[in-house]
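Read through the structure below, which is laid out as structure tokens, and then see the notes.
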Amino acid sequence: MLKVEKFSVMNMDNAIRGARNPMNSWDRSDSRFDEKGRFIMGENDLSLARRLAVAGSDHRKFLRQIFVSADITAPLYWWKEFDTYKVGTVANSTSTMHKIHAKPIEMSDFSHDRMSEEAKVFLQKTIDFLEIRRQKFIESKNRDYWHDIIQLLPSSYNQLRTCTMNYENLTNIYYARRSHKLAEWHVFCDWIISLPYANELIKTKD
């Protein structure tokens with residue numbers, strides 16, 4: 001299970017203006033903001049942006065200035081792979097260390113959408129044990145119970161992080177992960193190509 005929510009794309013106007021700096025071609029810029037404040041790329045600017053994006057990372061530096069912020073909820077096993085992309089990304093996560101005991105531990109806290117029924121039975125038993133340990137920790141404040149929770153917590157536990165990335169990061173992620181066997185990566189890559197002008201600026205090899 002993976003969800004992307006509350007996302008926004010920022011600074012595209014400044015990035016496109018900067019892309020014209022090398023040739024001093026600002027007078028050819030034809031982008032604008034519509035009545036709702038959305039950035040609409042003009043034909044000239046889109047043509048330039050597409051050519052630079054296709055030309056490779058040395059030429060598409062402007063993609064690093066198009067910022068994306070999003071709330072992503074995903075299991076810990078997915079976050080372990082996402083953490084490969086540390087350069088140019090920033091994330092603030094909900095705290096497992098501080099808040100794991102703050103609410104009842106339930107099946108809905110875990111990704112189990114592709115789990116067999118037999119495996120769900122074992123997961124439920126683990127959840128039941130974790131919940132007992134959580135209650136004992138709340139009652140006694142004995143950290144032995146808390147350590148049981150932290151060290152036994154399955155990697156399918158879902159965590160929310162607010163992430164900031166850019167179009168260059170997302171281009172690299174898309175081509176590295178779009179055929180990955182984890183279903184969460186397919187959901188994430190589908191979200192990537194739904195972003196404004198992703199077909200022109202991110203899907204440059206297709």
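Following the order of the structure tokens, chains are lettered A, B, ..., residues in each are numbered from 1, and ligands are numbered from 1.
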Distance table requested - segment 149-178 of chain A against segment 131-141 of chain A, cut-off 12 Å, only C-alpha atoms: one row per qualifying residue with the closest atom pair and its distance in Å to one decimal, ordered by chain and rising residue number, as CSV.
residue,atom,partner,partner_atom,distance
A:Ile149,CA,A:Arg133,CA,6.7
A:Ile150,CA,A:Arg134,CA,10.2
A:Gln151,CA,A:Arg133,CA,11.8
A:Leu152,CA,A:Arg133,CA,10.6
A:Leu153,CA,A:Glu131,CA,10.8
- Just list the residues in segment 82-179 of chain A DSSP gives helix (DSSP H, G or I) on the backbone, as a ChimeraX atom specification. /A:82,96-99,107-109,117-140,143-152,167-177
Contacts of segment 73-89 of chain A at 6 Å or less, counting only C-alpha atoms, minus same-chain residues fewer than 2 places along, as an mmCIF file with C-alpha atoms, in the first residue's frame?
data_model
loop_
_atom_site.group_PDB
_atom_site.id
_atom_site.type_symbol
_atom_site.label_atom_id
_atom_site.label_comp_id
_atom_site.auth_asym_id
_atom_site.auth_seq_id
_atom_site.Cartn_x
_atom_site.Cartn_y
_atom_site.Cartn_z
ATOM 1 C CA LEU A 2 1.236 3.464 -0.902
ATOM 2 C CA LYS A 3 -0.574 6.812 -0.868
ATOM 3 C CA SER A 155 8.430 -3.972 8.028
ATOM 4 C CA SER A 156 4.894 -3.734 6.624
ATOM 5 C CA TYR A 157 4.155 -1.007 9.200
ATOM 6 C CA ASN A 158 3.023 2.145 7.389
ATOM 7 C CA GLN A 159 4.805 5.432 8.006
ATOM 8 C CA LEU A 160 3.911 8.937 6.850
ATOM 9 C CA THR A 164 10.538 17.431 -0.791
ATOM 10 C CA MET A 165 12.031 16.376 -4.118
#
- Task: Report as a PyMOL selection string: the residues of segment 10-88 of chain A with a DSSP assignment of strand (DSSP E), based on the backbone of this structure.
- Result: chain A and resi 10+32-33+39-40+67-75
- Task: Determine, counting only C-alpha atoms, which protein, DNA and RNA residues have an atom within 8 Å of an atom of segment 15-30 of chain A; residues of the same chain fewer than 6 positions away are not included. Present the result as a ChimeraX atom specification.
- Result: /A:41-45,49,61-63,65-66
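Compared by their closest atoms to Ile173 of chain A, and using only C-alpha atoms, the residues A:His186, A:Arg32, A:Arg51, A:Arg161 rank with A:His186 nearest.
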- Note on the structure: The distance between atom CA of Arg178 of chain A and atom CA of Ser69 of chain A is 20.2 Å
- Message: So the first atom is atom CA of Ile40 of chain A and the second is atom CA of Leu52 of chain A; what is the distance between them in Å, to one decimal place?
- Response: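 According to the coordinates, atom CA of Ile40 of chain A and atom CA of Leu52 of chain A are separated by 18.2 Å.
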- Message: What does the structure give for the distance between atom CA of Pro196 of chain A and atom CA of Thr94 of chain A, in Å to one decimal?
- Response: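 That distance, rounded to one decimal, is 27.9 Å.
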